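Engineer: Got a file for you: protein-v1.csv, CSV, C-alpha atoms and all ligand atoms.
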```csv
chain,number,residue,atom,x,y,z
V,9,MET,CA,150.8,-103.2,22.3
V,10,PRO,CA,151.7,-99.5,22.2
V,11,THR,CA,151.5,-97.7,25.4
V,12,THR,CA,150.6,-94.1,25.8
V,13,ASN,CA,149.7,-91.6,28.5
V,14,GLN,CA,146.8,-90.2,26.5
V,15,PRO,CA,143.4,-91.4,27.7
V,16,GLU,CA,141.8,-94.0,25.5
V,17,LEU,CA,138.1,-94.4,24.7
V,18,ALA,CA,136.4,-97.7,23.9
V,19,THR,CA,133.8,-97.0,21.3
V,20,GLU,CA,132.2,-98.4,18.1
V,21,TRP,CA,133.6,-98.0,14.7
V,22,PHE,CA,131.9,-98.6,11.3
V,23,ASP,CA,133.9,-99.2,8.2
V,24,GLY,CA,131.4,-97.2,6.1
V,25,ARG,CA,130.3,-100.2,4.0
V,26,SER,CA,129.0,-102.7,6.5
V,27,PRO,CA,126.3,-101.8,9.0
V,28,ARG,CA,128.1,-103.9,11.6
V,29,PRO,CA,129.8,-102.0,14.3
V,30,ARG,CA,133.2,-103.0,15.5
V,31,ARG,CA,134.8,-102.4,18.8
V,32,ALA,CA,137.7,-99.9,18.7
V,33,LEU,CA,139.9,-98.0,21.0
V,34,LEU,CA,140.5,-94.2,20.3
V,35,ARG,CA,143.3,-92.1,21.4
V,36,CYS,CA,145.0,-88.9,20.2
V,37,GLU,CA,148.7,-88.6,19.4
V,38,GLY,CA,149.9,-85.2,18.4
V,39,ARG,CA,147.9,-84.1,15.4
V,40,GLU,CA,146.5,-87.6,14.8
V,41,LEU,CA,143.6,-89.6,15.9
V,42,ILE,CA,144.5,-93.3,16.3
V,43,VAL,CA,141.8,-95.9,15.9
V,44,ARG,CA,142.9,-99.4,17.1
V,45,LEU,CA,140.7,-102.4,16.2
V,46,PRO,CA,141.1,-105.8,17.8
V,47,GLU,CA,144.4,-107.4,16.9
V,48,ASP,CA,142.6,-110.4,15.3
V,49,GLN,CA,140.6,-108.1,13.0
V,50,GLU,CA,143.2,-105.6,11.9
V,51,PRO,CA,146.7,-105.5,13.0
V,52,GLY,CA,148.2,-102.1,13.3
V,53,ASP,CA,146.6,-98.7,13.9
V,54,ARG,CA,144.5,-96.5,11.7
V,55,ARG,CA,145.7,-92.9,11.8
V,56,TYR,CA,143.7,-89.8,10.8
V,57,LEU,CA,144.8,-86.2,10.8
V,58,LEU,CA,142.7,-84.4,13.4
V,59,ARG,CA,141.9,-81.5,11.0
V,60,GLY,CA,140.4,-83.9,8.4
V,61,ILE,CA,137.8,-85.3,10.8
V,62,ARG,CA,134.3,-84.0,11.1
V,63,TRP,CA,133.7,-83.9,14.8
V,64,PRO,CA,130.2,-84.0,16.3
V,65,GLU,CA,128.6,-80.9,17.4
V,66,ARG,CA,128.1,-80.8,21.1
V,67,ARG,CA,124.5,-81.2,22.1
V,68,SER,CA,123.0,-81.9,25.4
V,69,HIS,CA,122.1,-85.5,24.5
V,70,GLY,CA,122.1,-88.0,21.7
V,71,LEU,CA,124.7,-90.1,19.9
V,72,ARG,CA,128.2,-88.6,19.2
V,73,HIS,CA,128.7,-89.2,15.5
V,74,THR,CA,132.2,-88.6,14.0
V,75,GLU,CA,133.1,-88.9,10.3
V,76,LEU,CA,136.6,-89.9,9.3
V,77,PRO,CA,138.3,-88.9,6.1
V,78,ASP,CA,138.2,-92.4,4.6
V,79,GLY,CA,134.4,-92.6,4.9
V,80,SER,CA,134.4,-94.7,8.1
V,81,LEU,CA,132.5,-93.6,11.2
V,82,ILE,CA,132.7,-93.6,14.9
V,83,GLN,CA,129.5,-93.7,16.9
V,84,HIS,CA,129.5,-93.3,20.6
V,85,ALA,CA,126.3,-93.8,22.6
V,86,ASP,CA,127.3,-92.1,25.8
V,87,ALA,CA,127.5,-88.4,25.0
V,88,ARG,CA,128.9,-87.4,28.4
V,89,GLU,CA,131.6,-90.0,28.2
V,90,TRP,CA,132.5,-88.8,24.7
V,91,ASP,CA,132.6,-85.2,25.7
V,92,ALA,CA,134.8,-85.9,28.7
V,93,TRP,CA,137.3,-87.8,26.5
V,94,ALA,CA,137.2,-85.2,23.8
V,95,GLN,CA,137.7,-82.4,26.2
V,96,SER,CA,140.7,-84.1,27.9
V,97,ASN,CA,142.2,-84.3,24.4
V,98,GLY,CA,141.5,-80.6,23.7
V,99,LEU,CA,139.2,-81.5,20.8
V,100,LEU,CA,136.3,-79.3,21.9
V,101,GLU,CA,138.2,-76.2,22.5
V,102,SER,CA,138.7,-75.1,18.9
V,103,THR,CA,137.2,-71.7,18.5
V,104,VAL,CA,135.0,-72.6,15.5
V,105,VAL,CA,133.4,-75.5,17.3
V,106,GLY,CA,132.9,-73.3,20.3
V,107,TRP,CA,131.2,-70.6,18.2
V,108,MET,CA,129.0,-73.2,16.5
V,109,GLN,CA,127.8,-74.4,19.8
V,110,SER,CA,127.1,-71.0,21.3
V,111,TRP,CA,124.1,-69.0,20.3
V,112,ARG,CA,125.6,-66.0,21.9
V,113,GLY,CA,128.7,-66.5,19.7
V,114,ALA,CA,126.6,-66.9,16.6
V,115,VAL,CA,124.6,-63.8,17.2
V,116,GLY,CA,127.8,-61.9,18.1
V,117,ALA,CA,129.4,-63.0,14.8
V,118,MET,CA,126.3,-61.9,12.9
V,119,VAL,CA,126.3,-58.5,14.6
V,120,ALA,CA,130.0,-58.1,14.0
V,121,THR,CA,129.5,-58.9,10.3
V,122,VAL,CA,126.7,-56.3,10.0
V,123,VAL,CA,128.8,-53.8,11.9
V,124,PHE,CA,131.7,-54.5,9.6
V,125,LEU,CA,129.6,-54.1,6.4
V,126,ALA,CA,128.0,-50.9,7.7
V,127,ALA,CA,131.4,-49.5,8.6
V,128,ALA,CA,132.8,-50.5,5.2
V,129,TRP,CA,129.9,-48.7,3.6
V,130,PHE,CA,130.0,-45.5,5.7
V,131,TRP,CA,133.7,-45.1,6.1
V,132,GLY,CA,135.3,-47.6,3.7
V,133,VAL,CA,133.6,-46.4,0.5
V,134,PRO,CA,134.3,-42.7,1.1
V,135,LEU,CA,137.9,-43.5,2.2
V,136,LEU,CA,138.4,-45.7,-0.8
V,137,SER,CA,136.9,-43.3,-3.3
V,138,THR,CA,138.9,-40.4,-1.9
V,139,ALA,CA,142.1,-42.5,-2.1
V,140,ILE,CA,141.3,-43.4,-5.7
V,141,ALA,CA,140.3,-39.8,-6.5
V,142,HIS,CA,143.7,-38.7,-5.2
V,143,SER,CA,145.6,-41.4,-7.1
V,144,ILE,CA,144.2,-40.2,-10.4
V,145,PRO,CA,146.9,-38.0,-12.1
V,146,HIS,CA,146.1,-34.3,-12.5
V,147,SER,CA,146.4,-34.6,-16.2
V,148,VAL,CA,143.6,-37.2,-16.3
V,149,GLU,CA,141.6,-35.0,-14.0
V,150,ALA,CA,142.1,-32.1,-16.4
V,151,SER,CA,141.0,-34.0,-19.4
V,152,ILE,CA,137.9,-35.2,-17.6
V,153,GLY,CA,137.1,-31.6,-16.8
V,154,GLU,CA,137.6,-30.5,-20.4
V,155,ALA,CA,135.5,-33.3,-21.8
V,156,SER,CA,132.8,-32.6,-19.3
V,157,LEU,CA,132.8,-28.9,-20.1
V,158,LYS,CA,132.3,-29.7,-23.8
V,159,GLN,CA,129.3,-31.9,-22.9
V,160,LEU,CA,127.7,-29.3,-20.6
V,161,ARG,CA,128.3,-26.6,-23.2
V,162,ALA,CA,126.2,-28.5,-25.7
V,163,LEU,CA,123.5,-29.0,-23.1
V,164,PHE,CA,123.3,-25.7,-21.2
V,165,LEU,CA,125.8,-23.1,-22.1
V,166,LYS,CA,125.9,-20.3,-24.7
V,167,PRO,CA,128.7,-17.8,-25.3
V,168,SER,CA,128.8,-15.0,-22.8
V,169,GLU,CA,127.3,-11.6,-23.7
V,170,LEU,CA,129.1,-9.8,-20.9
V,171,PRO,CA,131.5,-7.1,-22.0
V,172,GLU,CA,135.1,-8.2,-22.2
V,173,SER,CA,136.0,-5.5,-19.7
V,174,GLN,CA,133.6,-6.8,-17.1
V,175,GLN,CA,134.9,-10.4,-17.6
V,176,ALA,CA,138.5,-9.1,-17.2
V,177,LYS,CA,137.7,-7.2,-14.1
V,178,LEU,CA,136.2,-10.3,-12.4
V,179,ARG,CA,139.0,-12.5,-13.6
V,180,GLN,CA,141.6,-10.1,-12.1
V,181,GLY,CA,139.6,-9.7,-8.9
V,182,PHE,CA,139.5,-13.4,-8.4
V,183,ALA,CA,143.2,-13.8,-9.3
V,184,ALA,CA,144.0,-11.3,-6.5
V,185,LEU,CA,141.7,-13.2,-4.1
V,186,VAL,CA,143.5,-16.4,-4.9
V,187,GLN,CA,146.9,-14.7,-4.5
V,188,ASN,CA,146.0,-13.4,-1.1
V,189,ALA,CA,144.7,-16.7,0.1
V,190,TYR,CA,147.6,-18.7,-1.3
V,191,PRO,CA,150.5,-16.3,-0.8
V,192,GLU,CA,153.0,-19.1,-1.4
V,193,GLY,CA,151.5,-19.7,-4.9
V,194,ASP,CA,150.3,-23.2,-4.1
V,195,ALA,CA,146.7,-22.7,-5.2
V,196,PRO,CA,145.1,-25.4,-7.3
V,197,PRO,CA,145.0,-24.7,-11.0
V,198,TRP,CA,141.8,-22.9,-12.2
V,199,GLN,CA,140.4,-21.6,-15.4
V,200,LEU,CA,137.4,-19.3,-15.3
V,201,SER,CA,134.9,-19.1,-18.1
V,202,PHE,CA,131.8,-17.0,-18.6
V,203,HIS,CA,128.7,-18.4,-20.2
V,204,LYS,CA,125.1,-17.3,-20.8
V,205,SER,CA,122.7,-19.9,-19.7
V,206,LYS,CA,119.0,-19.5,-19.6
V,207,ALA,CA,118.7,-23.1,-18.5
V,208,LEU,CA,120.9,-22.7,-15.4
V,209,GLY,CA,120.0,-19.2,-14.5
V,210,ALA,CA,122.2,-17.4,-12.0
V,211,ASN,CA,124.7,-20.1,-11.3
V,212,ALA,CA,128.3,-21.3,-11.1
V,213,PHE,CA,130.0,-24.6,-10.9
V,214,ALA,CA,133.4,-26.2,-11.0
V,215,LEU,CA,134.6,-29.3,-12.8
V,216,PRO,CA,137.5,-31.7,-12.1
V,217,GLY,CA,140.8,-30.2,-13.0
V,218,GLY,CA,139.8,-26.6,-12.2
V,219,GLN,CA,137.3,-25.5,-14.9
V,220,ILE,CA,135.1,-22.9,-13.2
V,221,VAL,CA,132.0,-21.7,-15.0
V,222,ILE,CA,130.0,-18.7,-14.0
V,223,THR,CA,126.8,-17.6,-15.8
V,224,ASP,CA,126.1,-14.1,-17.1
V,225,GLU,CA,122.9,-14.3,-15.1
V,226,LEU,CA,124.8,-14.7,-11.9
V,227,VAL,CA,127.2,-11.8,-12.7
V,228,ASN,CA,124.2,-9.6,-13.5
V,229,MET,CA,122.3,-10.6,-10.4
V,230,LEU,CA,125.3,-9.6,-8.2
V,231,ASP,CA,126.2,-6.6,-10.3
V,232,ASP,CA,126.1,-4.3,-7.3
V,233,VAL,CA,128.0,-6.7,-4.9
V,234,PRO,CA,130.9,-8.1,-7.0
V,235,ASP,CA,132.6,-9.3,-3.8
V,236,ALA,CA,129.8,-11.8,-3.4
V,237,THR,CA,130.6,-13.0,-7.0
V,238,LEU,CA,134.2,-13.5,-5.9
V,239,GLY,CA,133.0,-15.4,-2.8
V,240,ILE,CA,131.1,-17.8,-5.1
V,241,LEU,CA,134.2,-18.3,-7.3
V,242,ALA,CA,136.1,-19.0,-4.1
V,243,HIS,CA,133.5,-21.6,-3.1
V,244,GLU,CA,133.9,-23.3,-6.5
V,245,LEU,CA,137.7,-23.2,-6.0
V,246,GLY,CA,137.1,-25.1,-2.8
V,247,HIS,CA,135.5,-27.9,-4.8
V,248,VAL,CA,138.6,-27.9,-7.0
V,249,GLU,CA,141.1,-27.8,-4.1
V,250,HIS,CA,139.4,-30.8,-2.4
V,251,ARG,CA,138.8,-32.7,-5.7
V,252,HIS,CA,135.2,-33.1,-4.9
V,253,GLY,CA,134.3,-33.6,-8.5
V,254,LEU,CA,136.6,-36.6,-8.9
V,255,ASP,CA,135.5,-37.9,-5.6
V,256,LEU,CA,131.9,-37.8,-6.7
V,257,LEU,CA,132.7,-39.5,-10.0
V,258,VAL,CA,134.6,-42.2,-8.3
V,259,ARG,CA,132.0,-42.8,-5.7
V,260,ALA,CA,129.2,-43.0,-8.2
V,261,SER,CA,131.1,-45.7,-10.2
V,262,LEU,CA,133.4,-47.2,-7.6
V,263,VAL,CA,133.7,-50.6,-9.3
V,264,SER,CA,134.7,-49.3,-12.7
V,265,ALA,CA,137.0,-46.8,-11.0
V,266,VAL,CA,138.8,-49.5,-9.0
V,267,VAL,CA,139.1,-51.6,-12.1
V,268,GLY,CA,140.4,-48.5,-14.0
V,269,VAL,CA,143.1,-47.8,-11.4
V,270,VAL,CA,144.1,-51.5,-10.9
V,271,ILE,CA,144.3,-52.5,-14.5
V,272,GLY,CA,145.2,-49.1,-15.8
V,273,ASP,CA,142.3,-48.9,-18.3
V,274,ALA,CA,140.0,-46.1,-17.3
V,275,SER,CA,137.7,-46.2,-20.3
V,276,GLY,CA,134.8,-47.8,-18.4
V,277,PHE,CA,135.1,-45.2,-15.7
V,278,LEU,CA,135.4,-42.3,-18.1
V,279,ALA,CA,132.3,-43.5,-20.0
V,280,THR,CA,130.2,-42.8,-16.9
V,281,VAL,CA,131.6,-39.3,-16.4
V,282,PRO,CA,129.1,-37.0,-18.3
V,283,ALA,CA,126.0,-38.6,-16.9
V,284,THR,CA,127.3,-38.6,-13.4
V,285,LEU,CA,128.4,-35.0,-13.4
V,286,ALA,CA,125.1,-33.9,-14.8
V,287,THR,CA,122.9,-35.8,-12.3
V,288,GLN,CA,124.8,-36.1,-9.0
V,289,ALA,CA,125.2,-33.6,-6.2
V,290,TYR,CA,128.2,-33.0,-3.9
V,291,SER,CA,127.8,-34.2,-0.3
V,292,ARG,CA,126.8,-31.8,2.4
V,293,ASP,CA,130.2,-32.1,3.9
V,294,ALA,CA,131.8,-31.1,0.6
V,295,GLU,CA,129.5,-28.0,0.4
V,296,ARG,CA,130.5,-27.0,4.0
V,297,GLN,CA,134.1,-27.5,3.2
V,298,SER,CA,133.8,-25.2,0.1
V,299,ASP,CA,131.8,-22.6,2.1
V,300,ALA,CA,134.6,-22.6,4.7
V,301,GLN,CA,137.1,-22.1,1.8
V,302,ALA,CA,135.0,-19.2,0.5
V,303,ALA,CA,134.9,-17.5,3.9
V,304,HIS,CA,138.6,-17.9,4.5
V,305,MET,CA,139.5,-16.7,1.1
V,306,LEU,CA,137.3,-13.6,1.4
V,307,HIS,CA,138.7,-12.9,4.9
V,308,ALA,CA,142.3,-13.2,3.6
V,309,SER,CA,141.5,-10.3,1.2
V,310,GLY,CA,139.8,-8.2,4.0
V,311,ILE,CA,136.3,-8.9,2.7
V,312,SER,CA,133.6,-9.9,5.2
V,313,PRO,CA,132.2,-13.3,4.4
V,314,ALA,CA,128.8,-11.9,5.3
V,315,VAL,CA,128.7,-10.5,1.8
V,316,MET,CA,127.8,-14.0,0.6
V,317,ALA,CA,124.4,-13.7,2.4
V,318,THR,CA,123.2,-11.3,-0.3
V,319,PHE,CA,123.6,-14.1,-2.9
V,320,PHE,CA,121.5,-16.6,-1.0
V,321,GLU,CA,118.9,-14.1,-0.1
V,322,ARG,CA,118.4,-13.2,-3.8
V,323,LEU,CA,118.3,-16.8,-4.7
V,324,GLN,CA,115.6,-17.3,-2.1
V,325,ASP,CA,113.6,-14.3,-3.4
V,326,ASN,CA,113.8,-15.6,-7.0
V,327,GLU,CA,112.6,-19.0,-5.9
V,328,VAL,CA,109.6,-17.5,-4.0
V,329,SER,CA,108.7,-15.2,-6.9
V,330,THR,CA,108.8,-17.9,-9.6
V,331,GLY,CA,107.4,-20.6,-7.3
V,332,ASP,CA,110.4,-22.5,-8.4
V,333,GLY,CA,110.8,-25.1,-5.7
V,334,THR,CA,110.4,-28.1,-7.9
V,335,ALA,CA,112.2,-27.1,-11.1
V,336,ARG,CA,115.5,-27.9,-9.4
V,337,SER,CA,114.9,-31.6,-9.5
V,338,ARG,CA,114.3,-31.6,-13.2
V,339,LYS,CA,116.8,-33.4,-15.4
V,340,PRO,CA,118.8,-31.3,-17.8
V,341,SER,CA,116.8,-30.9,-21.0
V,342,ALA,CA,116.4,-28.9,-24.0
V,343,GLU,CA,113.3,-28.1,-26.0
V,344,PRO,CA,113.2,-29.8,-29.4
V,345,GLY,CA,113.4,-26.4,-31.2
V,346,GLY,CA,116.7,-25.6,-29.6
V,347,GLU,CA,115.9,-23.0,-26.9
V,348,GLU,CA,116.9,-24.3,-23.5
V,349,VAL,CA,114.3,-24.6,-20.7
V,350,SER,CA,115.0,-24.3,-17.0
V,351,ALA,CA,117.1,-27.2,-15.8
V,352,SER,CA,119.0,-28.3,-12.8
V,353,LEU,CA,122.7,-29.1,-12.5
V,354,PRO,CA,123.0,-30.6,-9.0
V,355,ILE,CA,126.7,-29.7,-8.7
V,356,ALA,CA,126.0,-26.0,-9.4
V,357,ILE,CA,125.8,-23.6,-6.6
V,358,SER,CA,122.1,-22.5,-7.0
V,359,SER,CA,121.1,-26.1,-6.6
V,360,HIS,CA,122.6,-26.5,-3.2
V,361,PRO,CA,119.9,-26.7,-0.5
V,362,ASP,CA,119.4,-24.8,2.7
V,363,HIS,CA,119.9,-21.1,1.8
V,364,ALA,CA,118.8,-20.1,5.3
V,365,GLU,CA,121.5,-22.3,7.0
V,366,ARG,CA,124.2,-20.8,4.7
V,367,ILE,CA,123.1,-17.3,5.2
V,368,ARG,CA,123.5,-17.9,9.0
V,369,TYR,CA,126.9,-19.6,8.4
V,370,PHE,CA,128.4,-16.6,6.4
V,371,ARG,CA,126.8,-14.0,8.7
V,372,ASN,CA,128.1,-15.6,11.9
V,373,TRP,CA,131.5,-16.7,10.5
V,374,THR,CA,134.6,-15.6,12.5
V,375,PRO,CA,138.2,-16.3,11.6
V,376,SER,CA,138.7,-18.3,14.8
V,377,GLY,CA,136.1,-20.8,13.6
V,378,ASP,CA,136.6,-24.5,13.8
V,379,ASP,CA,136.9,-24.9,10.1
V,380,ALA,CA,140.5,-23.8,10.0
V,381,ASP,CA,141.3,-26.9,8.0
V,382,TRP,CA,139.9,-25.5,4.8
V,383,ARG,CA,143.0,-26.3,2.9
V,384,ALA,CA,143.3,-29.8,1.4
V,385,GLN,CA,145.9,-32.0,3.1
M,401,ZN,ZN,129.2,-26.1,-4.1
```
How would this structure read if it were set down as structure tokens?
Ligand SMILES: [Zn+2]

Structural biologist:
Amino acid sequence: MPTTNQPELATEWFDGRSPRPRRALLRCEGRELIVRLPEDQEPGDRRYLLRGIRWPERRSHGLRHTELPDGSLIQHADAREWDAWAQSNGLLESTVVGWMQSWRGAVGAMVATVVFLAAAWFWGVPLLSTAIAHSIPHSVEASIGEASLKQLRALFLKPSELPESQQAKLRQGFAALVQNAYPEGDAPPWQLSFHKSKALGANAFALPGGQIVITDELVNMLDDVPDATLGILAHELGHVEHRHGLDLLVRASLVSAVVGVVIGDASGFLATVPATLATQAYSRDAERQSDAQAAHMLHASGISPAVMATFFERLQDNEVSTGDGTARSRKPSAEPGGEEVSASLPIAISSHPDHAERIRYFRNWTPSGDDADWRAQ
């Protein structure tokens, strides 16, 4: 008869076929449970790996019922005796069993899961989409921008009617503004194009890769304050610098974007681009970042950012005089005859909400502000 220092427990064992219980002695040895039946019934020990055994859950009363991997069972009538034996063998201490037995643990695990999912949603998705957006090569970004511009041209944009000289003057003015803000020549790439757009009205927007579009209507509205026009272009360059357009596209189609990056086939992601760019808006944080960029760039050229307030004030006046509070939520559309009607492009600057807040921001801006991190990392 083998001897051991481990405590033994006399209990009842069922072979899983007959309802007749048999007396058995249990003990643990290393990672095994040893079941010993009376010598005359079965010579030798039955050995089971501990981790293959379904141990009973600990309750305050009742039978302790244990299932063994070969389909046989142990039933122990005295719960306290079982628990004492199990505890002395370290069988009740496994974390999982402990959690299962504790309401507090179960609730805690649930709360932790919810917190994890919420954190993944609030921080994980933006982090992931930003990481993906930054892992997309600039050449792909540029071709996304070009394809999108083509689409938007068909929807909203007509050739500009501004005199070449006026276009050239604004282009040069903006180039100088960029040069002053990026004296080391590390500005993001940009291409400026002028378009007439009855549908968008006085407006400007930027596309991935650095396409910046400004409407004749906006240039004319700010005819007497061209510095404000430059500030708007600087705001748009902020969206380019921080890759907000790509970020928006990736976030709106995270799954196909992940698949695109992982398997290197971006066609599913690219298919969603035009619809996404025409209907989604930048986040408020993205707008604030771009406003900060506009303020810093104007300041770098010795222009007071307060000049931007004129733009938002005139937008406000226009909206009041046309009663146009709701038209901004309309989907892009064109009349069947061809002439465009008023439409909204959420990424465009006139669609950004809260003119009053932004007027305050630009009026009160000082160079020592907290938004000194206006440059992308
Ligand atoms: Zn913006």

Engineer: Got a sec: who's within 12 Å of V:His360, counting only C-alpha atoms, leaving out chain neighbours fewer than 5 positions off, as a PyMOL selection string?

Structural biologist: chain V and resi 211-213+243+288-296+298-299+320+323-324+336-337+352-355+365-366

Engineer: Find the residues near V:Met229: any atom within 10 Å, counting all atoms listed in the file, skip ones fewer than 5 places away on the same chain, and give them as a short mmCIF file (atom, residue, chain, number, x, y, z; two decimals) with C-alpha atoms, in the coordinates of the input.

Structural biologist:
```
data_model
loop_
_atom_site.label_atom_id
_atom_site.label_comp_id
_atom_site.auth_asym_id
_atom_site.auth_seq_id
_atom_site.Cartn_x
_atom_site.Cartn_y
_atom_site.Cartn_z
CA GLY V 209 120.00 -19.20 -14.50
CA ALA V 210 122.20 -17.40 -12.00
CA ASN V 211 124.70 -20.10 -11.30
CA THR V 223 126.80 -17.60 -15.80
CA ASP V 224 126.10 -14.10 -17.10
CA PRO V 234 130.90 -8.10 -7.00
CA THR V 237 130.60 -13.00 -7.00
CA PHE V 319 123.60 -14.10 -2.90
CA ARG V 322 118.40 -13.20 -3.80
CA LEU V 323 118.30 -16.80 -4.70
#
```

Engineer: Would you kindly return, as a list in words, each protein, DNA or RNA residue with an atom no farther than 9 Å from any atom of V:Ala184, considering all atoms listed in the file and excluding same-chain residues fewer than 5 positions away?

Structural biologist: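 Answer for this query is Arg179, Ala189 and Ser309 of chain V.
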
Engineer: As an exercise, work out the distance from atom CA of V:Asp86 to atom CA of V:Arg72 in Å and give it to one decimal place.

Structural biologist: 7.5 Å

Engineer: With a distance cut-off of 12 Å and all atoms listed in the file, select the neighbouring residues of V:Tyr369, excluding the residue or stretch itself and same-chain residues fewer than 5 positions from it, and output the selection as a PyMOL selection string.

Structural biologist: chain V and resi 295-297+299-300+302-303+313-317+320+362-364+374+377+379

Engineer: Using only C-alpha atoms, which of V:Val186, V:Pro27, V:Ser359, V:Glu169 sits nearest V:Glu225?

Structural biologist: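 Once distances to V:Glu225 are computed over only C-alpha atoms, the minimum belongs to V:Glu169.
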
Engineer: Contacts of stretch 193-207 of chain V at 10 Å or less, counting only C-alpha atoms, minus same-chain residues fewer than 3 places along, as a ChimeraX atom specification?

Structural biologist: /V:146,150,161,163-170,175,178-179,182-183,186-190,210-212,214-227,241,244-246,248-251,340-342,347-353,383-384

Engineer: Under the rule that all atoms listed in the file are counted, which of V:Ser143, V:Thr74, V:Thr19, V:Gln301 is the nearest residue to ligand ZN 401 (chain M)?

Structural biologist: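 So, comparing all the options, the nearest one is V:Gln301.
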
Engineer: For a quick check of understanding, using only C-alpha atoms and all ligand atoms, which of V:Asp255, V:Ser376, V:Pro145, V:His247 has the smallest distance to ligand ZN 401 (chain M)?

Structural biologist: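 Under the stated criterion, the closest residue is V:His247.
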
Engineer: Please determine, counting all atoms listed in the file, which residue among V:Trp21, V:Ile42, V:Pro375, V:His142 has the shortest atom-to-atom distance to V:Ala308.

Structural biologist: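 Among the listed residues, the smallest separation from V:Ala308 belongs to V:Pro375.
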
Engineer: Work out how far atom CA of V:Ala32 is from atom CA of V:Arg44, in Å to one decimal.

Structural biologist: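 Calculated distance between atom CA of V:Arg44 and atom CA of V:Ala32 is 5.5 Å.
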
Engineer: Rank V:Leu238, V:Leu160, V:Ser80, V:Gly132 by their smallest atom-to-atom distance to V:Gln180, using all atoms listed in the file, and report the top residue only.

Structural biologist: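 Result for the nearest residue to V:Gln180: V:Leu238.
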
Engineer: Please report the interatomic distance between atom CA of V:Pro15 and atom CA of V:Gln95 in Å with one decimal.

Structural biologist: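 Computed distance, atom CA of V:Pro15 to atom CA of V:Gln95, equals 10.8 Å.
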
Engineer: Just checking: using all atoms listed in the file, which residue out of V:Asp235, V:Asp78, V:Asp53, V:Glu65 ends up closest to V:Asp91?

Structural biologist: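 Result for the nearest residue to V:Asp91: V:Glu65.
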